[in-house]
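A short write-up of the structure that comes next.
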Amino acid sequence: MILHVYLDDETVLRLRMLAREMDRTIASLVESAAAEAALAAFRHRQDDPARRQEGH
């Protein structure tokens, strides 16, 4: 899925610095943050749709 999101100026400045320091792109940092947020939200839930898809 491709998702377009708005990032405020302060967040962009922070992400630019992190991307340089980590030798990554801003897009890869945002993708990782979104994946981690979704995983954390479902960590203790039994109705995780990704787990159902995997057959767990």
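Each chain in the structure tokens gets a letter, A, B and so on, in the order shown; residues start at 1 in every chain, and ligands are counted from 1 in the order they appear.
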Show which residues sit within 10 Å of segment 28-36 of chain A, as a ChimeraX atom specification. Count only C-alpha atoms, and ignore same-chain residues fewer than 5 positions away. /A:3,5,15-16,18-19,22,41
Write down as a PyMOL selection string the residues of segment 21-54 of chain A whose backbone DSSP state falls under alpha helix (DSSP H). chain A and resi 21-22+26-42+49-54
Of the candidates A:His44, A:Ala27, A:Glu21, A:Leu39, which shows the shortest atom-to-atom distance to Leu7 of chain A, using only C-alpha atoms? A:Ala27
